[in-house]
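Undergrad: Hey, dropping coords_15.pdb in here, PDB, C-alpha atoms and all ligand atoms:
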```
MODEL        1
ATOM      1  CA  MET A 259      97.009  81.028 117.936  1.00  0.00           C
ATOM      2  CA  PRO A 260      98.015  79.329 114.673  1.00  0.00           C
ATOM      3  CA  ALA A 261      94.711  77.500 114.179  1.00  0.00           C
ATOM      4  CA  VAL A 262      92.755  80.740 114.158  1.00  0.00           C
ATOM      5  CA  PHE A 263      95.288  82.300 111.797  1.00  0.00           C
ATOM      6  CA  PHE A 264      94.843  79.407 109.373  1.00  0.00           C
ATOM      7  CA  ILE A 265      91.064  79.730 109.364  1.00  0.00           C
ATOM      8  CA  ILE A 266      91.273  83.471 108.746  1.00  0.00           C
ATOM      9  CA  ARG A 267      93.709  83.001 105.847  1.00  0.00           C
ATOM     10  CA  GLY A 268      91.665  80.286 104.249  1.00  0.00           C
ATOM     11  CA  GLU A 269      88.397  82.152 104.423  1.00  0.00           C
ATOM     12  CA  THR A 270      89.497  85.679 103.656  1.00  0.00           C
ATOM     13  CA  GLU A 271      89.077  87.027 100.182  1.00  0.00           C
ATOM     14  CA  MET A 272      90.361  90.478  99.272  1.00  0.00           C
ATOM     15  CA  LYS A 273      89.794  92.356  96.037  1.00  0.00           C
ATOM     16  CA  PHE A 274      92.491  94.456  94.374  1.00  0.00           C
ATOM     17  CA  ASP A 275      92.455  96.389  91.138  1.00  0.00           C
ATOM     18  CA  LEU A 276      95.977  95.573  89.913  1.00  0.00           C
ATOM     19  CA  HIS A 277      96.089  97.759  86.800  1.00  0.00           C
ATOM     20  CA  ILE A 278      95.415 101.509  87.130  1.00  0.00           C
ATOM     21  CA  HIS A 279      97.006 104.584  85.539  1.00  0.00           C
ATOM     22  CA  GLU A 280      97.526 107.853  87.426  1.00  0.00           C
ATOM     23  CA  LEU A 281      97.887 111.184  85.656  1.00  0.00           C
ATOM     24  CA  THR A 282     101.298 112.245  86.998  1.00  0.00           C
ATOM     25  CA  HIS A 283     103.229 109.654  85.010  1.00  0.00           C
ATOM     26  CA  SER A 284     100.610 108.303  82.605  1.00  0.00           C
ATOM     27  CA  LYS A 285      99.859 111.259  80.368  1.00  0.00           C
ATOM     28  CA  ASP A 286      96.836 109.451  78.955  1.00  0.00           C
ATOM     29  CA  SER A 287      95.187 109.178  82.398  1.00  0.00           C
ATOM     30  CA  HIS A 288      92.684 111.634  83.868  1.00  0.00           C
ATOM     31  CA  LEU A 289      92.771 110.173  87.391  1.00  0.00           C
ATOM     32  CA  SER A 290      94.636 111.552  90.408  1.00  0.00           C
ATOM     33  CA  LEU A 291      95.746 109.085  93.048  1.00  0.00           C
ATOM     34  CA  GLU A 292      93.265 110.437  95.576  1.00  0.00           C
ATOM     35  CA  GLN A 293      90.407 110.116  93.056  1.00  0.00           C
ATOM     36  CA  ILE A 294      91.472 106.524  92.406  1.00  0.00           C
ATOM     37  CA  VAL A 295      91.543 105.731  96.128  1.00  0.00           C
ATOM     38  CA  LEU A 296      88.074 107.193  96.723  1.00  0.00           C
ATOM     39  CA  GLU A 297      86.640 105.386  93.726  1.00  0.00           C
ATOM     40  CA  ALA A 298      88.258 102.114  94.810  1.00  0.00           C
ATOM     41  CA  LYS A 299      86.747 102.393  98.277  1.00  0.00           C
ATOM     42  CA  SER A 300      83.303 103.200  96.927  1.00  0.00           C
ATOM     43  CA  ARG A 301      83.516 100.135  94.665  1.00  0.00           C
ATOM     44  CA  GLY A 302      84.354  97.884  97.614  1.00  0.00           C
ATOM     45  CA  LEU A 303      87.974  97.190  96.709  1.00  0.00           C
ATOM     46  CA  GLU A 304      90.402  96.304  99.512  1.00  0.00           C
ATOM     47  CA  GLY A 305      93.449  97.653  97.698  1.00  0.00           C
ATOM     48  CA  ILE A 306      94.800  98.998  94.439  1.00  0.00           C
ATOM     49  CA  ALA A 307      97.921  98.992  92.313  1.00  0.00           C
ATOM     50  CA  ILE A 308      99.177 101.886  90.241  1.00  0.00           C
ATOM     51  CA  THR A 309     100.887 100.617  87.090  1.00  0.00           C
ATOM     52  CA  ASP A 310     102.003 103.600  85.047  1.00  0.00           C
ATOM     53  CA  HIS A 311     103.615 103.240  81.650  1.00  0.00           C
ATOM     54  CA  ASP A 312     107.333 102.480  82.050  1.00  0.00           C
ATOM     55  CA  VAL A 313     107.658 104.599  85.224  1.00  0.00           C
ATOM     56  CA  LEU A 314     107.891 103.487  88.838  1.00  0.00           C
ATOM     57  CA  GLY A 315     106.776 106.623  90.649  1.00  0.00           C
ATOM     58  CA  LEU A 316     104.387 107.876  93.289  1.00  0.00           C
ATOM     59  CA  ARG A 317     105.704 105.709  96.110  1.00  0.00           C
ATOM     60  CA  ALA A 318     105.810 108.511  98.691  1.00  0.00           C
ATOM     61  CA  GLN A 319     102.353 109.742  97.735  1.00  0.00           C
ATOM     62  CA  ALA A 320     101.060 106.178  97.782  1.00  0.00           C
ATOM     63  CA  ARG A 321     102.389 105.646 101.320  1.00  0.00           C
ATOM     64  CA  PHE A 322     100.808 108.883 102.481  1.00  0.00           C
ATOM     65  CA  LEU A 323      97.382 108.214 100.968  1.00  0.00           C
ATOM     66  CA  SER A 324      97.476 104.567 101.973  1.00  0.00           C
ATOM     67  CA  ALA A 325      97.814 105.609 105.627  1.00  0.00           C
ATOM     68  CA  ARG A 326      95.254 108.393 105.333  1.00  0.00           C
ATOM     69  CA  HIS A 327      92.591 106.206 103.709  1.00  0.00           C
ATOM     70  CA  ASN A 328      93.569 102.904 105.300  1.00  0.00           C
ATOM     71  CA  LEU A 329      93.851 101.209 101.902  1.00  0.00           C
ATOM     72  CA  PRO A 330      96.851  99.240 100.612  1.00  0.00           C
ATOM     73  CA  ILE A 331      98.294 100.991  97.541  1.00  0.00           C
ATOM     74  CA  PHE A 332     100.952  99.090  95.597  1.00  0.00           C
ATOM     75  CA  VAL A 333     103.129 100.779  93.007  1.00  0.00           C
ATOM     76  CA  GLY A 334     104.073  98.575  90.099  1.00  0.00           C
ATOM     77  CA  VAL A 335     104.769  99.485  86.489  1.00  0.00           C
ATOM     78  CA  GLU A 336     103.504  98.532  83.044  1.00  0.00           C
ATOM     79  CA  VAL A 337     106.528  97.914  80.847  1.00  0.00           C
ATOM     80  CA  TYR A 338     106.231  97.998  77.066  1.00  0.00           C
ATOM     81  CA  THR A 339     108.587  95.155  76.208  1.00  0.00           C
ATOM     82  CA  THR A 340     109.604  93.975  72.742  1.00  0.00           C
ATOM     83  CA  LEU A 341     106.676  91.539  72.577  1.00  0.00           C
ATOM     84  CA  GLY A 342     104.061  93.499  74.528  1.00  0.00           C
ATOM     85  CA  ASP A 343     102.978  95.058  77.824  1.00  0.00           C
ATOM     86  CA  ILE A 344     103.942  93.354  81.090  1.00  0.00           C
ATOM     87  CA  LEU A 345     102.858  94.496  84.567  1.00  0.00           C
ATOM     88  CA  VAL A 346     105.646  94.284  87.128  1.00  0.00           C
ATOM     89  CA  PHE A 347     105.547  94.202  90.927  1.00  0.00           C
ATOM     90  CA  GLY A 348     108.287  93.944  93.518  1.00  0.00           C
ATOM     91  CA  VAL A 349     111.203  95.831  91.977  1.00  0.00           C
ATOM     92  CA  ASP A 350     112.650  99.230  92.872  1.00  0.00           C
ATOM     93  CA  GLN A 351     113.991  99.940  89.419  1.00  0.00           C
ATOM     94  CA  LEU A 352     114.009  98.566  85.903  1.00  0.00           C
ATOM     95  CA  PRO A 353     117.059  97.412  83.931  1.00  0.00           C
ATOM     96  CA  ALA A 354     118.615 100.169  81.835  1.00  0.00           C
ATOM     97  CA  VAL A 355     117.744 100.026  78.151  1.00  0.00           C
ATOM     98  CA  GLU A 356     119.403 101.881  75.292  1.00  0.00           C
ATOM     99  CA  GLU A 357     117.460 105.009  74.440  1.00  0.00           C
ATOM    100  CA  GLY A 358     114.676 104.418  71.961  1.00  0.00           C
ATOM    101  CA  LYS A 359     114.789 100.659  72.523  1.00  0.00           C
ATOM    102  CA  ARG A 360     112.471  98.399  74.462  1.00  0.00           C
ATOM    103  CA  ILE A 361     113.537  95.684  76.870  1.00  0.00           C
ATOM    104  CA  GLU A 362     113.296  92.074  75.684  1.00  0.00           C
ATOM    105  CA  SER A 363     110.219  90.442  77.233  1.00  0.00           C
ATOM    106  CA  GLN A 364     112.039  87.355  78.525  1.00  0.00           C
ATOM    107  CA  GLN A 365     114.868  89.514  79.885  1.00  0.00           C
ATOM    108  CA  LEU A 366     112.386  91.551  81.939  1.00  0.00           C
ATOM    109  CA  ILE A 367     110.630  88.443  83.269  1.00  0.00           C
ATOM    110  CA  ASP A 368     113.955  86.866  84.280  1.00  0.00           C
ATOM    111  CA  TYR A 369     115.134  90.102  85.917  1.00  0.00           C
ATOM    112  CA  VAL A 370     111.930  90.480  87.955  1.00  0.00           C
ATOM    113  CA  ASN A 371     112.040  86.834  89.025  1.00  0.00           C
ATOM    114  CA  SER A 372     115.658  87.269  90.123  1.00  0.00           C
ATOM    115  CA  LYS A 373     114.477  90.095  92.412  1.00  0.00           C
ATOM    116  CA  GLY A 374     111.621  88.025  93.848  1.00  0.00           C
ATOM    117  CA  GLY A 375     108.990  90.078  92.030  1.00  0.00           C
ATOM    118  CA  ALA A 376     106.003  89.172  89.882  1.00  0.00           C
ATOM    119  CA  THR A 377     105.109  89.713  86.217  1.00  0.00           C
ATOM    120  CA  ILE A 378     101.651  89.716  84.660  1.00  0.00           C
ATOM    121  CA  ALA A 379     100.971  89.677  80.913  1.00  0.00           C
ATOM    122  CA  ALA A 380      98.680  92.705  80.462  1.00  0.00           C
ATOM    123  CA  HIS A 381      95.676  92.349  78.101  1.00  0.00           C
ATOM    124  CA  PRO A 382      97.600  89.808  75.975  1.00  0.00           C
ATOM    125  CA  PHE A 383      95.118  89.686  73.083  1.00  0.00           C
ATOM    126  CA  ARG A 384      94.059  93.341  72.905  1.00  0.00           C
ATOM    127  CA  SER A 385      94.058  94.407  69.270  1.00  0.00           C
ATOM    128  CA  ASN A 386      96.328  97.469  69.665  1.00  0.00           C
ATOM    129  CA  GLY A 387      99.454  95.391  69.194  1.00  0.00           C
ATOM    130  CA  ARG A 388     100.594  95.877  72.790  1.00  0.00           C
ATOM    131  CA  GLY A 389      99.673  92.480  74.191  1.00  0.00           C
ATOM    132  CA  LEU A 390     102.001  89.478  74.318  1.00  0.00           C
ATOM    133  CA  GLY A 391      99.475  87.409  72.351  1.00  0.00           C
ATOM    134  CA  GLU A 392     100.844  84.162  70.956  1.00  0.00           C
ATOM    135  CA  ALA A 393     104.226  84.954  72.547  1.00  0.00           C
ATOM    136  CA  LEU A 394     102.654  83.688  75.801  1.00  0.00           C
ATOM    137  CA  TYR A 395     103.386  80.177  74.558  1.00  0.00           C
ATOM    138  CA  GLY A 396     107.105  80.857  74.172  1.00  0.00           C
ATOM    139  CA  LEU A 397     107.890  82.835  77.330  1.00  0.00           C
ATOM    140  CA  THR A 398     108.806  81.183  80.607  1.00  0.00           C
ATOM    141  CA  GLY A 399     108.488  82.394  84.180  1.00  0.00           C
ATOM    142  CA  LEU A 400     105.486  84.698  83.871  1.00  0.00           C
ATOM    143  CA  THR A 401     103.695  84.860  87.219  1.00  0.00           C
ATOM    144  CA  ALA A 402     100.214  85.454  85.853  1.00  0.00           C
ATOM    145  CA  ILE A 403      98.116  86.428  82.861  1.00  0.00           C
ATOM    146  CA  GLU A 404      95.599  89.281  83.005  1.00  0.00           C
ATOM    147  CA  GLY A 405      92.554  87.366  81.821  1.00  0.00           C
ATOM    148  CA  TYR A 406      90.108  90.228  82.195  1.00  0.00           C
ATOM    149  CA  ASN A 407      91.034  93.836  81.402  1.00  0.00           C
ATOM    150  CA  GLY A 408      88.546  96.722  81.576  1.00  0.00           C
ATOM    151  CA  ARG A 409      89.660  98.266  78.283  1.00  0.00           C
ATOM    152  CA  THR A 410      89.694  95.095  76.214  1.00  0.00           C
ATOM    153  CA  THR A 411      86.802  93.482  74.334  1.00  0.00           C
ATOM    154  CA  LYS A 412      85.023  90.475  75.775  1.00  0.00           C
ATOM    155  CA  GLY A 413      86.289  88.209  72.996  1.00  0.00           C
ATOM    156  CA  HIS A 414      89.905  89.179  73.581  1.00  0.00           C
ATOM    157  CA  ASN A 415      89.505  88.814  77.350  1.00  0.00           C
ATOM    158  CA  ASP A 416      87.930  85.375  76.984  1.00  0.00           C
ATOM    159  CA  ARG A 417      90.834  84.330  74.767  1.00  0.00           C
ATOM    160  CA  ALA A 418      93.363  85.482  77.364  1.00  0.00           C
ATOM    161  CA  ALA A 419      91.482  83.538  80.029  1.00  0.00           C
ATOM    162  CA  ASP A 420      91.428  80.409  77.873  1.00  0.00           C
ATOM    163  CA  VAL A 421      95.190  80.606  77.327  1.00  0.00           C
ATOM    164  CA  ALA A 422      95.848  81.124  81.046  1.00  0.00           C
ATOM    165  CA  LEU A 423      93.750  78.051  81.831  1.00  0.00           C
ATOM    166  CA  ALA A 424      95.407  76.013  79.075  1.00  0.00           C
ATOM    167  CA  LEU A 425      98.910  76.942  80.246  1.00  0.00           C
ATOM    168  CA  GLY A 426      98.031  76.536  83.936  1.00  0.00           C
ATOM    169  CA  ILE A 427      99.191  80.082  84.704  1.00  0.00           C
ATOM    170  CA  PRO A 428      97.390  82.052  87.464  1.00  0.00           C
ATOM    171  CA  MET A 429      94.920  84.646  86.227  1.00  0.00           C
ATOM    172  CA  THR A 430      94.231  88.208  87.326  1.00  0.00           C
ATOM    173  CA  GLY A 431      91.841  90.995  86.413  1.00  0.00           C
ATOM    174  CA  GLY A 432      92.479  94.724  86.247  1.00  0.00           C
ATOM    175  CA  SER A 433      90.554  97.766  85.087  1.00  0.00           C
ATOM    176  CA  ASP A 434      93.382  99.522  83.225  1.00  0.00           C
ATOM    177  CA  ALA A 435      91.494 102.606  84.429  1.00  0.00           C
ATOM    178  CA  HIS A 436      92.459 105.943  82.861  1.00  0.00           C
ATOM    179  CA  ALA A 437      89.224 107.864  83.572  1.00  0.00           C
ATOM    180  CA  PRO A 438      86.574 108.320  86.295  1.00  0.00           C
ATOM    181  CA  GLY A 439      84.151 105.430  86.638  1.00  0.00           C
ATOM    182  CA  GLU A 440      86.590 102.809  85.384  1.00  0.00           C
ATOM    183  CA  VAL A 441      88.279 101.681  88.631  1.00  0.00           C
ATOM    184  CA  GLY A 442      87.250  98.152  89.570  1.00  0.00           C
ATOM    185  CA  ALA A 443      85.655  97.327  86.197  1.00  0.00           C
ATOM    186  CA  TYR A 444      87.778  94.217  86.601  1.00  0.00           C
ATOM    187  CA  ALA A 445      89.821  93.348  89.660  1.00  0.00           C
ATOM    188  CA  THR A 446      91.649  90.421  91.219  1.00  0.00           C
ATOM    189  CA  GLU A 447      90.264  88.513  94.163  1.00  0.00           C
ATOM    190  CA  VAL A 448      93.007  87.086  96.329  1.00  0.00           C
ATOM    191  CA  SER A 449      92.501  84.336  98.889  1.00  0.00           C
ATOM    192  CA  GLY A 450      94.298  85.154 102.112  1.00  0.00           C
ATOM    193  CA  VAL A 451      95.309  88.333 103.873  1.00  0.00           C
ATOM    194  CA  VAL A 452      97.250  90.705 101.648  1.00  0.00           C
ATOM    195  CA  GLN A 453      98.595  93.863 103.277  1.00  0.00           C
ATOM    196  CA  THR A 454     101.979  94.321 101.619  1.00  0.00           C
ATOM    197  CA  GLU A 455     103.333  94.060  98.097  1.00  0.00           C
ATOM    198  CA  LYS A 456     105.234  90.972  99.238  1.00  0.00           C
ATOM    199  CA  ASP A 457     101.949  89.346 100.343  1.00  0.00           C
ATOM    200  CA  LEU A 458     100.483  90.170  96.948  1.00  0.00           C
ATOM    201  CA  ILE A 459     103.417  88.649  95.065  1.00  0.00           C
ATOM    202  CA  GLN A 460     103.230  85.488  97.163  1.00  0.00           C
ATOM    203  CA  ALA A 461      99.505  85.151  96.509  1.00  0.00           C
ATOM    204  CA  LEU A 462      99.996  85.574  92.757  1.00  0.00           C
ATOM    205  CA  LYS A 463     102.860  83.070  92.674  1.00  0.00           C
ATOM    206  CA  LYS A 464     100.783  80.521  94.526  1.00  0.00           C
ATOM    207  CA  GLY A 465      97.823  81.022  92.221  1.00  0.00           C
ATOM    208  CA  ARG A 466      95.624  82.287  95.040  1.00  0.00           C
ATOM    209  CA  CYS A 467      93.977  84.747  92.661  1.00  0.00           C
ATOM    210  CA  TYR A 468      91.257  85.010  90.070  1.00  0.00           C
ATOM    211  CA  PRO A 469      89.508  87.762  88.118  1.00  0.00           C
ATOM    212  CA  VAL A 470      86.321  89.432  89.321  1.00  0.00           C
ATOM    213  CA  SER A 471      84.299  92.463  88.250  1.00  0.00           C
ATOM    214  CA  MET A 472      83.058  95.103  90.692  1.00  0.00           C
ATOM    215  CA  THR A 473      80.635  96.462  88.086  1.00  0.00           C
ATOM    216  CA  GLY A 474      79.004  93.297  86.786  1.00  0.00           C
ATOM    217  CA  LEU A 475      81.070  92.889  83.614  1.00  0.00           C
ATOM    218  CA  PRO A 476      81.154  89.403  82.064  1.00  0.00           C
ATOM    219  CA  LEU A 477      83.752  86.848  83.153  1.00  0.00           C
ATOM    220  CA  GLY A 478      83.266  84.221  80.457  1.00  0.00           C
ATOM    221  CA  ASN A 479      83.988  80.679  81.511  1.00  0.00           C
ATOM    222  CA  VAL A 480      85.989  81.665  84.593  1.00  0.00           C
ATOM    223  CA  ALA A 481      82.906  82.869  86.471  1.00  0.00           C
ATOM    224  CA  GLY A 482      83.012  79.754  88.649  1.00  0.00           C
ATOM    225  CA  LEU A 483      86.773  79.734  89.042  1.00  0.00           C
ATOM    226  CA  GLY A 484      86.750  81.790  92.224  1.00  0.00           C
ATOM    227  CA  ALA A 485      84.587  79.373  94.151  1.00  0.00           C
ATOM    228  CA  ALA A 486      86.674  76.414  92.978  1.00  0.00           C
ATOM    229  CA  LEU A 487      89.944  78.089  93.920  1.00  0.00           C
ATOM    230  CA  ALA A 488      88.588  79.256  97.273  1.00  0.00           C
ATOM    231  CA  ALA A 489      87.623  75.668  98.053  1.00  0.00           C
ATOM    232  CA  ASP A 490      91.139  74.521  97.161  1.00  0.00           C
ATOM    233  CA  VAL A 491      92.698  77.252  99.266  1.00  0.00           C
ATOM    234  CA  ASN A 492      90.545  76.349 102.230  1.00  0.00           C
ATOM    235  CA  MET A 493      91.806  72.784 102.011  1.00  0.00           C
ATOM    236  CA  ALA A 494      95.477  73.667 101.639  1.00  0.00           C
ATOM    237  CA  ALA A 495      96.179  77.348 102.211  1.00  0.00           C
ATOM    238  CA  ASP A 496      99.816  77.068 101.311  1.00  0.00           C
ATOM    239  CA  SER A 497      99.981  74.531  98.508  1.00  0.00           C
ATOM    240  CA  GLU A 498     102.083  75.625  95.544  1.00  0.00           C
ATOM    241  CA  VAL A 499     100.477  75.916  92.136  1.00  0.00           C
ATOM    242  CA  ALA A 500     102.734  74.786  89.309  1.00  0.00           C
ATOM    243  CA  VAL A 501     103.547  77.666  86.961  1.00  0.00           C
TER     244      VAL A 501
HETATM  245 ZN    ZN B 601      97.626  99.823  81.214  1.00  0.00          ZN
ENDMDL
END
```
Produce structure tokens that represent the structure in this file.

TA:
Amino acid sequence: MPAVFFIIRGETEMKFDLHIHELTHSKDSHLSLEQIVLEAKSRGLEGIAITDHDVLGLRAQARFLSARHNLPIFVGVEVYTTLGDILVFGVDQLPAVEEGKRIESQQLIDYVNSKGGATIAAHPFRSNGRGLGEALYGLTGLTAIEGYNGRTTKGHNDRAADVALALGIPMTGGSDAHAPGEVGAYATEVSGVVQTEKDLIQALKKGRCYPVSMTGLPLGNVAGLGAALAADVNMAADSEVAV
């Protein structure tokens, strides 16, 4: 019954934390995948993404725990490119890079797009020198910008959100959790049913996403964005957002 399907898509909102580090591959994380899953469920998240530093791992464990806990678990990666950190979804491997070197930011974005995947500029204005920052204006083909990151100051998050709005690029939120209690600090609300990584990528590419907080953290001037986008989505569930 297509009509019913349309109504469900238009009115369903699902929340995903798209930026989490697990201890197996992120040596700076104190969270096991099972801990992350339990915390995500207790926070009311409908899914999570593991984005370890420069490693695409854990897929078998993610499949196992996803089935056991009935929670979508996506495995992406956070790549430290020449200009800053970029979250990647939808690829099975990363291009080879000479040892000790980092991949060019635009090269990674183009590669991921060629595979049908998605890229998100992680915490672009964080002051540790690992955000894309002003380079956002020169890069093309980014899928989204992480407007709100759980380990970034409010001022730097607000700046990222302002740039995403100015450039007309979809915006996400993610906790960047490395320790207990951090999962869901920020998350991404997606309009429509998202069960697979492909669904997630489609939603991001169509701009059917906006940042939220599961713990009441501030969202600056995008606090009303969700309602506005949801209204748009309800009117035209499949309209393409220019990026
Ligand atoms: Zn991170």

Undergrad: What's the 7 Å shell around range 309-316 of chain A, counting all atoms listed in the file, without same-chain residues fewer than 3 positions away, as a list in words?

TA: His277, Ile278, His279, Glu280, His283, Ser284, Gln319, Ala320, Val333, Gly334, Val335, Glu336, Val337, Tyr338 and Leu345 of chain A

Undergrad: Run through the PyMOL selection byres (((chain A and resi 342) around 6) and not hetatm) on the given coordinates and return the selected residues as number ranges by chain.

TA: A: 338-341, 343, 388-390

Undergrad: Keeping only C-alpha atoms, write those residues as an mmCIF file, keeping the file's coordinate frame.

TA:
```cif
data_model
loop_
_atom_site.group_PDB
_atom_site.id
_atom_site.type_symbol
_atom_site.label_atom_id
_atom_site.label_comp_id
_atom_site.auth_asym_id
_atom_site.auth_seq_id
_atom_site.Cartn_x
_atom_site.Cartn_y
_atom_site.Cartn_z
ATOM 1 C CA TYR A 338 106.231 97.998 77.066
ATOM 2 C CA THR A 339 108.587 95.155 76.208
ATOM 3 C CA THR A 340 109.604 93.975 72.742
ATOM 4 C CA LEU A 341 106.676 91.539 72.577
ATOM 5 C CA ASP A 343 102.978 95.058 77.824
ATOM 6 C CA ARG A 388 100.594 95.877 72.790
ATOM 7 C CA GLY A 389 99.673 92.480 74.191
ATOM 8 C CA LEU A 390 102.001 89.478 74.318
#
```

Undergrad: Which value, in Å to one decimal, gives the distance between atom ZN of ligand ZN 601 (chain B) and CA of Lys273 in chain A?

TA: 18.4 Å

Undergrad: CA of Tyr406 in chain A and CA of Gly431 in chain A, how far apart in Å?

TA: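 Those two atoms sit 4.6 Å apart.
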
Undergrad: Under the rule that all atoms listed in the file are counted, which of A:Gly432, A:Gly375, A:Gly348, A:Gly387 is the nearest residue to ligand ZN 601 (chain B)?

TA: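 Under the stated criterion, the closest residue is A:Gly432.
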
Undergrad: Would you pick out the contacts of Gly405 in chain A at 10 Å or less, using all atoms listed in the file, so that residues sharing its chain but fewer than 6 positions from it are not included, and give the list as an MDAnalysis selection string?

TA: chainID A and resid 378:383 414:423 428:432 444 446 468:470 477:478 480

Undergrad: Would you work out the distance separating CA of Val441 in chain A from CA of Ile427 in chain A, expressed in Å to one decimal?

TA: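 Separation of CA of Val441 in chain A and CA of Ile427 in chain A: 24.5 Å.
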
Undergrad: Got a sec to resolve the PyMOL selection byres (((chain A and resi 452) around 10) and not hetatm) on this structure and send the residues as number ranges by chain?

TA: A: 267, 270-274, 304-305, 330, 448-451, 453-461

Undergrad: Taking only C-alpha atoms and all ligand atoms into account, which of A:Glu357, A:Asp368, A:Asp350, A:Asp434 comes nearest ligand ZN 601 (chain B)?

TA: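 Of A:Glu357, A:Asp368, A:Asp350, A:Asp434, the one nearest ligand ZN 601 (chain B) is A:Asp434, counting only C-alpha atoms and all ligand atoms.
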
Undergrad: Could you write out as a JSON list (two decimals) with C-alpha atoms, in the frame of the given file the residues that the PyMOL selection byres (((chain A and resi 365) around 12) and not hetatm) matches in the shown file?

TA:
```
[["chain", "number", "residue", "atom", "x", "y", "z"],
["A", 337, "VAL", "CA", 106.53, 97.91, 80.85],
["A", 339, "THR", "CA", 108.59, 95.16, 76.21],
["A", 340, "THR", "CA", 109.60, 93.98, 72.74],
["A", 341, "LEU", "CA", 106.68, 91.54, 72.58],
["A", 344, "ILE", "CA", 103.94, 93.35, 81.09],
["A", 352, "LEU", "CA", 114.01, 98.57, 85.90],
["A", 353, "PRO", "CA", 117.06, 97.41, 83.93],
["A", 354, "ALA", "CA", 118.62, 100.17, 81.83],
["A", 355, "VAL", "CA", 117.74, 100.03, 78.15],
["A", 360, "ARG", "CA", 112.47, 98.40, 74.46],
["A", 361, "ILE", "CA", 113.54, 95.68, 76.87],
["A", 362, "GLU", "CA", 113.30, 92.07, 75.68],
["A", 363, "SER", "CA", 110.22, 90.44, 77.23],
["A", 364, "GLN", "CA", 112.04, 87.36, 78.53],
["A", 366, "LEU", "CA", 112.39, 91.55, 81.94],
["A", 367, "ILE", "CA", 110.63, 88.44, 83.27],
["A", 368, "ASP", "CA", 113.96, 86.87, 84.28],
["A", 369, "TYR", "CA", 115.13, 90.10, 85.92],
["A", 370, "VAL", "CA", 111.93, 90.48, 87.96],
["A", 371, "ASN", "CA", 112.04, 86.83, 89.02],
["A", 372, "SER", "CA", 115.66, 87.27, 90.12],
["A", 377, "THR", "CA", 105.11, 89.71, 86.22],
["A", 397, "LEU", "CA", 107.89, 82.84, 77.33],
["A", 398, "THR", "CA", 108.81, 81.18, 80.61],
["A", 399, "GLY", "CA", 108.49, 82.39, 84.18],
["A", 400, "LEU", "CA", 105.49, 84.70, 83.87]]
```

Undergrad: For a quick check of understanding, using only C-alpha atoms, which of A:Lys464, A:Glu404, A:Asn328, A:Ser290 has the smallest distance to Arg384 in chain A?

TA: A:Glu404

Undergrad: Quick one: residues within 9 Å of Leu303 in chain A, all atoms listed in the file counted, chain neighbours fewer than 3 positions away excluded, as a PyMOL selection string?

TA: chain A and resi 272-275+297-300+306+329+442+445+472

Undergrad: From the set A:Lys285, A:Lys412, A:Arg321, A:Lys463, which residue has the shortest atom-to-atom contact distance to ligand ZN 601 (chain B), counting only C-alpha atoms and all ligand atoms?

TA: A:Lys285

Undergrad: Ranking A:Asn386, A:Gln351, A:Asn479, A:Thr401 by minimum distance to ligand ZN 601 (chain B) and counting all atoms listed in the file, which one comes first?

TA: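 Closest to ligand ZN 601 (chain B) of all the choices is A:Asn386.
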
Undergrad: Tell me which of A:Ala443, A:Ala435, A:Ile294, A:Leu289 sits closest to ligand ZN 601 (chain B), counting all atoms listed in the file.

TA: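 Of A:Ala443, A:Ala435, A:Ile294, A:Leu289, the one nearest ligand ZN 601 (chain B), counting all atoms listed in the file, is A:Ala435.
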
Undergrad: Can you tell me, as lines of an AutoDock Vina configuration file, the centre and edge lengths (Å, one decimal) of the axis-aligned box enclosing all of range 289-306 of chain A's listed atoms after padding each side by 6 Å?

TA:
```
center_x = 89.5
center_y = 103.9
center_z = 93.5
size_x = 24.4
size_y = 27.2
size_z = 24.1
```
